Each structure stands twice: as structure tokens, then as C-alpha cells.
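> Quick one: this structure, given as C-alpha cells, is what I'll be asking you about.
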Amino acid sequence: MPELPEVETFVRRLRAPLVGRTITGVTLQWPRHVATPSPRQFARQIRGRRIESIGRRGKYLVFCLDGGVLLIHLKMSGDLAVAAAGTTPDKHAHTVFHLDDGREFRFSDTRKFGRVYLVSRPEEVTGHLGPEPLDGAFTARALGERLAARSRALKPLLLDQTFLAGVGNIYADEALHLAGLHPLRKSDTLTAEEARRLWRAIRRVLRRGIQLNGASIDWMYRGGSFQEILRVYDRAGEPCPTCGAPIRRILVGQRGTHFCPRCQPARRKRIRP
DNA sequence: TAAAATGTTGGGTA
DNA sequence: ATACCCAACATTTT
């Protein structure tokens, strides 16, 4: 399930084979993959466009073209690969971009939740997103202010892309554990020090995730190794790496949530009576 | 075997 | 503003 570090890994891997290439055409095996414009318009407009640069905003890949911008969201099961034309694409390669060097850029997506967008400005698609967690402008203070402005449990807030862009289920659980904060803790009850700890934890897990090329969970997404250092995610019943207490799994807003009941107490520990 | 679980986002309702 | 359910899907687990 690609989150920010996995998407960033795709971006970095795709730059070498794609930047400078011209898209000679696209094959839409499953036209509903195209969110905008119409599949017909998409195919017509993408032809002949040169890929100038590749970036990321939240969980979106952003391809700057010599006319317009192509965005891809991988959602649950999206996978991207560049291969020689003629080699057998996997059966879920629903959208295939043909390149001027005889290769193909394939968007495979078994569950078909992913989408591609072709727009003139990236903000048309990413405009609703919250701040970029690794951006210099995202300070501990900025996070603290945003937390205080809402009154929601931390976990769903971290998953809310309009609150903060790029964090998904895995990194949210990992960050909360690192920060020693309970997933159900209300956002407006955090002290400045706790907000700062959360800020640092979020940035640390995301940076580490990128360093390790993301996490490879199950049969989706391969190549990363962050899964080897997971502290709580998918480790229900196993001992907490910090204190040894068994990791617990609960449901928060229909999402599996993993935490250590000892390191992440429901309420702040009273320091002095 | 059929039902439930998985997990991102957006839309709808209360 | 927030909480909840559903829908979009394929595949795996119960």
C-alpha cells in the first residue's frame, strides 16, 4: 500500500528511465483508470508529450510534461514499471504509456483503485492536500497549531490527507508509537512538547522509510525493507520493542490500528500529583 | 463455499 | 466540525 516513502521510491526509480523521454502513445486496457479528462481526450493529449521532470505531492506522482501535467495515484495496489515493449506485461497492466526509446511505462493495478490525471496545473488535483511533512515549511509549531485547531483522535487525523499529506496506515502507527502517543488521544489535548515529539516522529519514520525504499507488505509493492524495522504495524501480540508489553490491535475509524498500551497510554502520565 | 478482511479516498448522511 | 457507513475492486484468509 504505497504511502509517501513508497511513492517517493517510485519517483526516484523512474527518473532515470523516463525523464527526457517522449510519450508516443498510450494503451488504455481499462479506460476507467483515467480520472480526467475523458479517456479519448487523455489519449489524444498525452501523445507527443515529453517528460521534463518527475516529482511527488503527498501520495501522488507528478510528471511535468512539455504541455500539461500527468499525475498518478497508486491507491491500494498500484505498481509502476518500465520495460521493453514486447515483453509480456502482467495481466493487470491497465494503462501502458509507449515511449520513444521502444520501451513502455506500465501502470499495473490489480484492484483498480488507482487513477491517472492529465491537467494543466497540478493543483487541480492536489489542491486539497495538507502540508508536505518533509517540507521545510512544516515545523513542529505548524503541526501543533493544526492539531490544536481540531478535536479529533490522532490516528484518523494523521490519515486525513487534507490535514497532512502522504501518511498512511503503516507510518501513522509507527509515528504514534515512536512519539509515545495513544492513537485515540484527542488532537487538542497535546502539550507543545508532545506535539513536537509527534512532529519529530512523523519526519523520522518517513525519512527512514525513504532510506529503506519503503515497506514491502504481502504481495504488494516489492523492493523496500522498512517492513523489517516495523515496531508495531502488523505485530499484534508481539512484544513492544521498547518495553516488551504485547502490541495491541484495535479498530479506529474502520482502520486496523496497532499500538503499545504501555508506551502509548490513553491519557498523559501525571508527572507530579 | 460463502463470507469477511484488507486499506485509500471520496461521497453521503446524521 | 466530526462520526459513521458505503462504494470503488481483486485477492487472500477464515
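Note on naming: chains are A, B, ... as they come in the C-alpha cells, residues start from 1 per chain, ligands start from 1 in the order shown.
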Counting only C-alpha atoms (C1' of nucleotides), a student should be able to say which residues of chain A come within 12 Å of chain B; what is the right answer, written as a ChimeraX atom specification?
/A:1-3,59-60,73-78,111-115,128-129,159-162,166-170,217-218,220,253-257
> Kindly provide, as an NGL selection string, the residues of chain C having any atom no farther than 8 Å from an atom of chain A, counting only C-alpha atoms (C1' of nucleotides).
:C and (2 or 8-10)
> Write the selection just made, keeping N, CA and C atoms (P, O5', C5', C4', C3', O3' and C1' of nucleotides), as a PDB file, in the first residue's frame?

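As written to disk, result-v8.pdb reads:
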ATOM      1  P    DT C   2     -12.936  18.704  13.990  1.00  0.00           P
ATOM      2  O5'  DT C   2     -13.878  17.427  14.141  1.00  0.00           O
ATOM      3  C5'  DT C   2     -14.740  17.333  15.264  1.00  0.00           C
ATOM      4  C4'  DT C   2     -15.695  16.176  15.064  1.00  0.00           C
ATOM      5  C3'  DT C   2     -15.030  14.855  14.662  1.00  0.00           C
ATOM      6  O3'  DT C   2     -15.290  13.916  15.683  1.00  0.00           O
ATOM      7  C1'  DT C   2     -16.990  15.272  13.411  1.00  0.00           C
ATOM      8  P    DA C   8     -19.961   0.222  -6.323  1.00  0.00           P
ATOM      9  O5'  DA C   8     -18.457   0.479  -6.769  1.00  0.00           O
ATOM     10  C5'  DA C   8     -18.078   1.720  -7.350  1.00  0.00           C
ATOM     11  C4'  DA C   8     -16.577   1.820  -7.327  1.00  0.00           C
ATOM     12  C3'  DA C   8     -15.879   0.521  -7.760  1.00  0.00           C
ATOM     13  O3'  DA C   8     -15.554   0.594  -9.144  1.00  0.00           O
ATOM     14  C1'  DA C   8     -14.818   1.561  -5.860  1.00  0.00           C
ATOM     15  P    DC C   9     -15.470  -0.668  -9.997  1.00  0.00           P
ATOM     16  O5'  DC C   9     -14.199  -1.345  -9.360  1.00  0.00           O
ATOM     17  C5'  DC C   9     -14.163  -2.700  -9.259  1.00  0.00           C
ATOM     18  C4'  DC C   9     -12.876  -3.127  -8.629  1.00  0.00           C
ATOM     19  C3'  DC C   9     -12.819  -4.632  -8.538  1.00  0.00           C
ATOM     20  O3'  DC C   9     -12.138  -5.082  -9.701  1.00  0.00           O
ATOM     21  C1'  DC C   9     -12.002  -3.587  -6.527  1.00  0.00           C
ATOM     22  P    DA C  10     -12.203  -6.563 -10.156  1.00  0.00           P
ATOM     23  O5'  DA C  10     -10.977  -7.214  -9.378  1.00  0.00           O
ATOM     24  C5'  DA C  10      -9.688  -6.661  -9.542  1.00  0.00           C
ATOM     25  C4'  DA C  10      -8.708  -7.365  -8.641  1.00  0.00           C
ATOM     26  C3'  DA C  10      -8.719  -8.890  -8.759  1.00  0.00           C
ATOM     27  O3'  DA C  10      -7.377  -9.323  -8.786  1.00  0.00           O
ATOM     28  C1'  DA C  10      -9.187  -8.242  -6.515  1.00  0.00           C
TER      29       DA C  10
END
> What's the separation between atom C1' of DT14 of chain C and atom CA of Glu6 of chain A, in Å to one decimal place?
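So the answer is 29.8 Å.
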> Expressed in Å to a single decimal, how great is the separation between atom CA of Ser120 of chain A and atom CA of Val69 of chain A?
5.7 Å
